[in-house]
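Report on one structure; see the data block that follows.
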Amino acid sequence: MAKYNHIQLTINQGVVTPEKSHYKILKEKNIIYIYRNSDTKKMYVGQTKDFISRHTQHFNGTEEKFNIAKFDQVIVLYSQYFNKSALDDVETQLITYLKADCLKAKGTQNILADDDLLINLTNGNSVLNYKEREDVASKVVLPFWETVLYQKHWVNHLTIDELQKSALVKYSPIKLLTQEQADIVDEIANNSDKNYVINGDAGTGKTVLLTHLVARMSRQQPEKKIAVIVQPNWRDTGDEIFKVYGLNSNQLEIGSSTQIINTRKEFDVIIIDESHKLSRRGNKQHFSFGKVYSEEFADYQSHLEILKRMGQQIILMYDILQAIRPANIPREQMINLTKSFEQRYLKTQFRIQANDDSGCTSEDYINGIKYLLYKDTGLLEYTNFNPNFKRELFKNTGDDSYFGYFQDKPLHNLFDWIDEDININPEHINRVLGGLVEPWKQKDGQDLYKYHWVEGELKCRWNSTQENWINSEDIDASEQIGSVFAVQGIDLNKVGVLIGDDLQVNSDGNLYAERENFHNVNGVFSESDAKDKSDEFTLLVLNIYYVLLTRGIDGIRIGFWHNDNFKKYFKETLQIID
């Protein structure tokens, strides 16, 4: 039996005329309503306990956006589940999905968010879990979308499945927060005199927390000057999100650390995504990174030092295991620069969906990968590491398992694996990624016939661009091998990872990075520093593989690329018996 129903009404000069049998529902029930202009397709979503009164308020001539929108239709949704928590949840879900639907289909924003909803969000009243939440999603929101909104041509996508995977939804500032995230947002927003480091593994929701912070601060104090520092491969996504959710005011600046520093402005707050990638002075790096150390910043030794001077409040999203360049601020220097900061931790894993019938979880996978790569480095004590992870996850390597590996013909097998998934799930974004073990140059990206990875007749090239590579329109985009620089901070569905011979095993049985087999001109320390920095170089290479191995939502497969030593180490460490 249906767990919801709806009423559709025509609006004539601001007036609705419901049937008598519907009047009590519209006057006394908790409902969600969606207004629509049948010509412009503009929409408006809200909730109320008395639609008749709320409708009159909207159309009394004092709400300018209603005067302009000229809505002539409304659908009222009601359900046996609609208590206050469910109303907040359904409203935020529909707002998010409708925005993504309109943007994805037409490239424009044509939904207006309810002022009351926005006020609710910016006051931090995020939707939390409640008893019937799964039922509301599966028995109300999904069927209402498919059988009502889509059938009436109010939306462009038949199902919300594809929309759920879009960046606009994943990072939405009205996306459901966990209690853990909501508490951190509340604390930071209410303590503008304190600086924070938000520590979290890959996939623990640091970027979602960032968008919520920006939304909260922008709505609560619109005069506050906010800078948001993101990586180049996320810049377009960030611009899109902040534009769609009405956060792209003159008080908000988004850009790389060098772009924000070069504004020479002062900010009330600076929020830095992936702060583990902030640059330090010296070593090999892009010219623009070093150019900032001039005039009043001439004596500074890192981008973070400069940003601390430019912002009254600094908030860092940080993962100690994701620094991947010698130019990144070293761990010891980062600890010193943030010794007065409040330290907070995100522990819930969102990206990786490794849960299975045997009881293995996403946390088991993350802890296993940490153990595989870092067990002899001394770094695990600085992370949220649990040594009691279930190794069964790495041994159950059937077709439907989250994890697996290929010992022979890795390039062929990895592409066969992700292609077979695309045959079943054409909406998936799958890629094969690789360690920096094949030579490449930036100019190679423009050469369709410059191949870097060759296995028999199969020839592939590196990613043609680092910025927004996942959405590249190259004819061979899905056959390119992605580097860490193209995918850090990006979610993929199924991921193949080629682990090359830059990772070797020494006589003590420990992993180390082999400089001769590593091909990134700006990824190694200078020859004079190479010996003293060998341990740091090893950590950088380990971090690269950690990033690659934590991109997959639905599955990971490893391919050993000319590296039998690591293959043996891998099996022994995770106790895998063929």
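FYI, nothing fancy with the structure tokens labels: chains A, B, ... in order, residues from 1 per chain, ligands from 1 as they appear.
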Within 10 Å of Lys131 (chain A), counting only C-alpha atoms, which residues qualify if same-chain residues fewer than 2 places away don't, as a list in words? Tyr81, Ser85, Ala86, Asn129, Arg133, Glu134, Asp135 and Val136 of chain A
DSSP on the backbone: which residues in region 418-540 of chain A end up as alpha helix (DSSP H)? Give the answer as a list in words. Ile418, Asp419, Glu420, Asp421, Ile422, Asn423, Ile424, Val484, Phe485, Ala486, Val487, Glu527, Ser528, Asp529, Ala530, Ser534, Asp535, Glu536, Phe537, Thr538, Leu539 and Leu540 of chain A
Please provide the set of residues having any atom within 10 Å of region 565-568 of chain A, restricted to only C-alpha atoms, with same-chain residues fewer than 5 positions apart removed, written as a PyMOL selection string. chain A and resi 405-407+499-506+511+558-560+573+576
Skip region 194-199 of chain A itself and residues of its chain fewer than 2 positions away, then list as a PDB file with C-alpha atoms, in the first residue's frame all residues within 6 Å of it, counting only C-alpha atoms.
ATOM      1  CA  ASN A 191      33.709  30.112  18.207  1.00  0.00           C
ATOM      2  CA  SER A 192      35.036  32.581  15.652  1.00  0.00           C
ATOM      3  CA  GLN A 313      40.051  32.487  11.772  1.00  0.00           C
ATOM      4  CA  ILE A 314      41.717  29.547  10.007  1.00  0.00           C
ATOM      5  CA  ILE A 315      40.026  26.179   9.458  1.00  0.00           C
ATOM      6  CA  LEU A 316      42.035  23.311   7.940  1.00  0.00           C
ATOM      7  CA  MET A 317      40.705  20.060   6.458  1.00  0.00           C
ATOM      8  CA  TYR A 318      43.670  17.722   6.941  1.00  0.00           C
ATOM      9  CA  ASP A 319      44.772  14.151   6.327  1.00  0.00           C
ATOM     10  CA  PHE A 341      44.657  25.098  16.907  1.00  0.00           C
ATOM     11  CA  GLU A 342      41.734  23.054  18.183  1.00  0.00           C
ATOM     12  CA  GLN A 343      41.990  19.486  16.849  1.00  0.00           C
ATOM     13  CA  ARG A 344      38.795  17.695  15.828  1.00  0.00           C
ATOM     14  CA  TYR A 345      38.362  14.276  14.175  1.00  0.00           C
TER      15      TYR A 345
END
Mind running region 219-308 of chain A against region 481-492 of chain A at 10 Å and telling me each contacting residue's nearest atom pair with the distance in Å (one decimal), counting only C-alpha atoms, chain and number ascending, as CSV?
residue,atom,partner,partner_atom,distance
A:Val230,CA,A:Gly489,CA,9.8
A:Gln231,CA,A:Gly489,CA,8.3
A:Pro232,CA,A:Ala486,CA,9.2
A:Asn233,CA,A:Ala486,CA,6.6
A:Trp234,CA,A:Gly489,CA,7.6
A:Asp273,CA,A:Gly489,CA,9.3
A:Glu274,CA,A:Gly489,CA,7.9
Could you pull the residues within 6 Å of Lys277 (chain A), counting only C-alpha atoms, minus those fewer than 2 positions along the same chain, as a compact mmCIF listing (two decimals) with C-alpha atoms, in the first residue's frame?
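Result went into out-v5.txt, see below:
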# COMPACT_ATOMS: atom_id res chain seq x y z
CA GLU A 274 43.12 19.38 1.59
CA SER A 275 45.47 21.51 3.68
CA ALA A 323 50.67 14.85 1.32
CA ASN A 328 53.99 20.16 0.74
Apply DSSP to the structure's backbone, then extract all residues of region 268-380 of chain A labelled strand (DSSP E) and return them as a ChimeraX atom specification. /A:268-272,311-318,342-346
Would you mind reading off the distance between CA of Glu253 (chain A) and CA of Phe267 (chain A), one decimal, in Å?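 If I compute the distance from CA of Glu253 (chain A) to CA of Phe267 (chain A), I get 9.5 Å.
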So that I can see what lies close to Glu223 (chain A), please list as a PyMOL selection string the residues with an atom at most 12 Å from it, counting only C-alpha atoms and leaving out residues fewer than 3 positions away in the same chain. chain A and resi 217-220+226+249-252+267-269
Set the distance at 10 Å and use only C-alpha atoms: which residues neighbour Trp145 (chain A) once local chain neighbours fewer than 4 positions away are removed? I'd like the list as a PDB file with C-alpha atoms, in the first residue's frame.
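As written to disk, selection22.pdb reads:
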ATOM      1  CA  LEU A  94      13.803  17.372  -2.724  1.00  0.00           C
ATOM      2  CA  TYR A  97      17.620  16.603  -6.060  1.00  0.00           C
ATOM      3  CA  LEU A  98      15.590  19.229  -7.877  1.00  0.00           C
ATOM      4  CA  VAL A 140       8.038   8.240  -0.162  1.00  0.00           C
ATOM      5  CA  VAL A 141      10.807  10.273  -1.829  1.00  0.00           C
ATOM      6  CA  LEU A 149       7.180  14.310 -10.589  1.00  0.00           C
ATOM      7  CA  TYR A 150       8.686  12.449 -13.548  1.00  0.00           C
ATOM      8  CA  GLN A 151       5.391  11.208 -14.945  1.00  0.00           C
ATOM      9  CA  LYS A 152       4.012  14.761 -14.846  1.00  0.00           C
ATOM     10  CA  TRP A 154       8.149  18.199 -13.572  1.00  0.00           C
ATOM     11  CA  VAL A 155      11.641  16.649 -13.488  1.00  0.00           C
ATOM     12  CA  HIS A 157      15.513  12.343 -14.670  1.00  0.00           C
ATOM     13  CA  LEU A 158      13.472   9.183 -14.228  1.00  0.00           C
ATOM     14  CA  THR A 159      15.291   8.188 -11.051  1.00  0.00           C
ATOM     15  CA  ILE A 160      17.294   9.955  -8.372  1.00  0.00           C
TER      16      ILE A 160
END
What does the distance from CA of Gly359 (chain A) to CA of Lys390 (chain A) come to in Å, to one decimal?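 CA of Lys390 (chain A) lies at a distance of 8.7 Å from CA of Gly359 (chain A).
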